[in-house]
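Some notes on the structure that comes next.
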Amino acid sequence: MPELPEVETMLRDVARPLIGRTIVAIDLRLPKAFRPAGGLRPADLVGRTIVHAYRRAKMLAVDLSGDLTLLLHMRLTGQLAVERPDGSRVAAGHPVPAFGAPLPHRSTHLILTLDDGSRLFFTDLRQLGFLLLMPAAEVPGFFRRQGYGVEPLRPEFTTEAFQELLRRRPRTKMKPFLLDQSLVAGVGNIYADEALWLAGIHPLREAGSLPDAEARRLHHAIVDVLSDAVKYGVAQVLGGKALGRHVLPRVHGRAGEPCFRCGTPIERITLGGRSTYFCPACQPLRATEAPRGMPPLPPPLPTPVSHQGGRGENIPSPLVGEGQGRGGPRRGRGSRPAGSSG
Ligand SMILES: [Zn+2]
């Protein structure tokens, strides 16, 4: 499922560049995917200008003129793509269909045409993703009802705030703890495994068993893994298998492969119905001062990653496929985002 880094990438590369554009036509091909609030219809999108876009947990929010908001949830296989009038394309989300494949795909459920001739495609193989249209004033209440926890890349996600969450659920095992959206919002199956591996903490450890040093290490690891994925390339997973050796994920989807840190074969267990990957040597079941051979964690980020500035840094965006017409995607490092995570 697209997790925080994947949705952040959609926001930065697909949605934010559309701010200022006006929707001139809507082609809804899977009516059940579109759930307008009472009194609203899909056609109410037409004539609205995109004024703002942001992310909350794993949802993408697009504010429209006339005080409406369109919320998109990608679930397991959602993909967003924009095809510009010159035929160039930017896409993010699930890697199927391929980012350069002809659109609309048979699983494209919504096409919005914009006033410059660009077209936005919402494609979702499994048909689990959905779009909500509601008055902007109802959005804060909607998010409150979802019960989302702290945003891990925001300043309020401090070590102390994380330790307070750990104290609140002392008997919860760390993998399900990290997947609980009411505690930390946006972390899913892939990045939970990555953060636990980076911090050297076994997924079956209980939250209450982490001494301060480990809690601090895990807090840093969560922030590092998510912000690295946003900056340098989201995890490349297809059909539950990690792709490539020099990109994220470093442990998820790598059962039997040597641990990047110590060479021990990575193990896979099923926990709460989810595939969970860990290194039995680096992530022992007891508390540790520091995992064996673990490089020191970088210091805490001086300021949390800003999500307000678009592509503020001059870092190539490997998170999205850039394709020209039918020519196929031009893929750099990390061009395929996370797919199904088993
Ligand atoms: Zn290891």
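Numbering starts fresh at 1 for the residues of each chain in the structure tokens, the chains themselves are lettered A, B, ... in the order given, and ligands are numbered from 1 as they appear.
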For range 215-225 of chain A: contacts at 8 Å, only C-alpha atoms, fewer than 2 positions along chain excluded, given as a list in words: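 The residues that qualify are Pro152, Leu153, Thr158, Thr159, Phe162, Gln163, Tyr191, Ala192, Glu194, Ala195, Leu196, Leu198, Ala199, Ile201, Leu210, Pro211, Asp212, Ala213, Ser227, Asp228, Ala229, Leu297 and Pro300 of chain A.
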Using only C-alpha atoms, determine which residues lie at most 9 Å from Ala137 in chain A, disregarding the query and same-chain residues fewer than 3 positions distant; provide the list as a PyMOL selection string. chain A and resi 67-69+134+140-141
Taking only C-alpha atoms and all ligand atoms into account, report as an mmCIF file with N, CA and C atoms, in the first residue's frame which residues have an atom no farther than 7 Å from an atom of ligand 1.
```cif
data_model
loop_
_atom_site.group_PDB
_atom_site.id
_atom_site.type_symbol
_atom_site.label_atom_id
_atom_site.label_comp_id
_atom_site.auth_asym_id
_atom_site.auth_seq_id
_atom_site.Cartn_x
_atom_site.Cartn_y
_atom_site.Cartn_z
ATOM 1 N N CYS A 259 21.788 -9.929 5.482
ATOM 2 C CA CYS A 259 21.550 -8.623 6.100
ATOM 3 C C CYS A 259 22.604 -7.627 5.607
ATOM 4 N N PHE A 260 22.181 -6.417 5.271
ATOM 5 C CA PHE A 260 23.113 -5.389 4.806
ATOM 6 C C PHE A 260 24.169 -5.068 5.862
ATOM 7 N N ARG A 261 23.831 -5.314 7.138
ATOM 8 C CA ARG A 261 24.718 -4.883 8.210
ATOM 9 C C ARG A 261 25.658 -6.004 8.637
ATOM 10 N N CYS A 262 25.133 -7.250 8.732
ATOM 11 C CA CYS A 262 25.942 -8.314 9.332
ATOM 12 C C CYS A 262 26.017 -9.569 8.474
ATOM 13 N N GLY A 263 25.243 -9.654 7.406
ATOM 14 C CA GLY A 263 25.323 -10.812 6.525
ATOM 15 C C GLY A 263 24.443 -11.988 6.901
ATOM 16 N N THR A 264 23.842 -11.953 8.097
ATOM 17 C CA THR A 264 22.938 -13.037 8.516
ATOM 18 C C THR A 264 21.707 -13.054 7.594
ATOM 19 N N CYS A 279 16.324 -9.091 10.826
ATOM 20 C CA CYS A 279 17.609 -9.793 10.924
ATOM 21 C C CYS A 279 17.698 -10.377 12.335
ATOM 22 N N PRO A 280 17.777 -11.717 12.457
ATOM 23 C CA PRO A 280 17.787 -12.316 13.794
ATOM 24 C C PRO A 280 19.031 -11.932 14.604
ATOM 25 N N ALA A 281 20.113 -11.507 13.939
ATOM 26 C CA ALA A 281 21.318 -11.125 14.679
ATOM 27 C C ALA A 281 21.264 -9.650 15.090
ATOM 28 N N CYS A 282 20.886 -8.768 14.185
ATOM 29 C CA CYS A 282 20.861 -7.329 14.488
ATOM 30 C C CYS A 282 19.655 -6.952 15.340
#
```
Kindly indicate which residue among A:Pro176, A:Gly200, A:Gly208, A:Gly38 lies nearest to Pro135 in chain A, using only C-alpha atoms for the distances.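 Among the listed residues, the smallest separation from Pro135 in chain A belongs to A:Gly38.
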Using DSSP secondary structure from the backbone, list all helix (DSSP H, G or I) positions within range 97-280 of chain A, as a PyMOL selection string. chain A and resi 136-146+159-168+174-179+189-199+207-209+212-232
Write out as an mmCIF file with C-alpha atoms, in the first residue's frame each polymer residue whose atoms come within 8 Å of range 44-48 of chain A, counting only C-alpha atoms; drop sequence neighbours fewer than 5 positions from it.
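Listed below is the output, result32.cif:
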```cif
data_model
loop_
_atom_site.group_PDB
_atom_site.id
_atom_site.type_symbol
_atom_site.label_atom_id
_atom_site.label_comp_id
_atom_site.auth_asym_id
_atom_site.auth_seq_id
_atom_site.Cartn_x
_atom_site.Cartn_y
_atom_site.Cartn_z
ATOM 1 C CA THR A 22 -9.206 24.449 -13.282
ATOM 2 C CA ILE A 23 -11.088 21.184 -13.833
ATOM 3 C CA VAL A 24 -13.043 21.369 -17.104
ATOM 4 C CA ALA A 25 -14.316 17.783 -17.457
ATOM 5 C CA ILE A 26 -14.717 14.609 -15.401
ATOM 6 C CA LEU A 64 -10.840 23.319 -4.595
ATOM 7 C CA SER A 65 -12.338 26.723 -5.173
ATOM 8 C CA GLY A 66 -15.826 27.137 -3.734
#
```
Between CA of Leu60 in chain A and CA of Lys175 in chain A, distance in Å (one decimal):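 Computing the Euclidean distance for CA of Leu60 in chain A and CA of Lys175 in chain A yields 24.7 Å.
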Could you please determine the separation between CA of Ala57 in chain A and CA of Ala185 in chain A in Å, to one decimal place?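 These atoms are spaced 4.8 Å apart.
Within 7 Å of Gly256 in chain A, once only C-alpha atoms are used and residues closer than 2 positions along the same chain are dropped, the contacting residues are Arg254, Pro258, Pro265, Ile266 and Glu267 of chain A.
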Separation of CA of Phe177 in chain A from CA of Gln236 in chain A in Å: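 About the pair CA of Gln236 in chain A and CA of Phe177 in chain A: they are 23.3 Å apart.
Nearest to His109 in chain A of all the residues A:Leu4, A:Ala287, A:Ile190, A:Met74 is A:Met74, counting only C-alpha atoms.
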Strand (DSSP E) residues, from DSSP on the backbone, in range 94-327 of chain A, as a PyMOL selection string: chain A and resi 108-114+119-124+130-135+237-238+241-242+267-271+274-278+321-324
Closest of A:Ala136, A:Val90, A:Leu112, A:Leu30 to Val51 in chain A - atom-to-atom distances counting only C-alpha atoms: A:Ala136
Nearest candidate to Leu71 in chain A (options A:Gly188, A:Gly239, A:Gly129, A:Gly20; using only C-alpha atoms):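 Ranked by minimum distance to Leu71 in chain A, first place goes to A:Gly129.
Restricting the calculation to only C-alpha atoms, the smallest distance between Lys241 in chain A and any of A:Ala61, A:Leu120, A:Ala255, A:Ala207 is found for A:Ala255.
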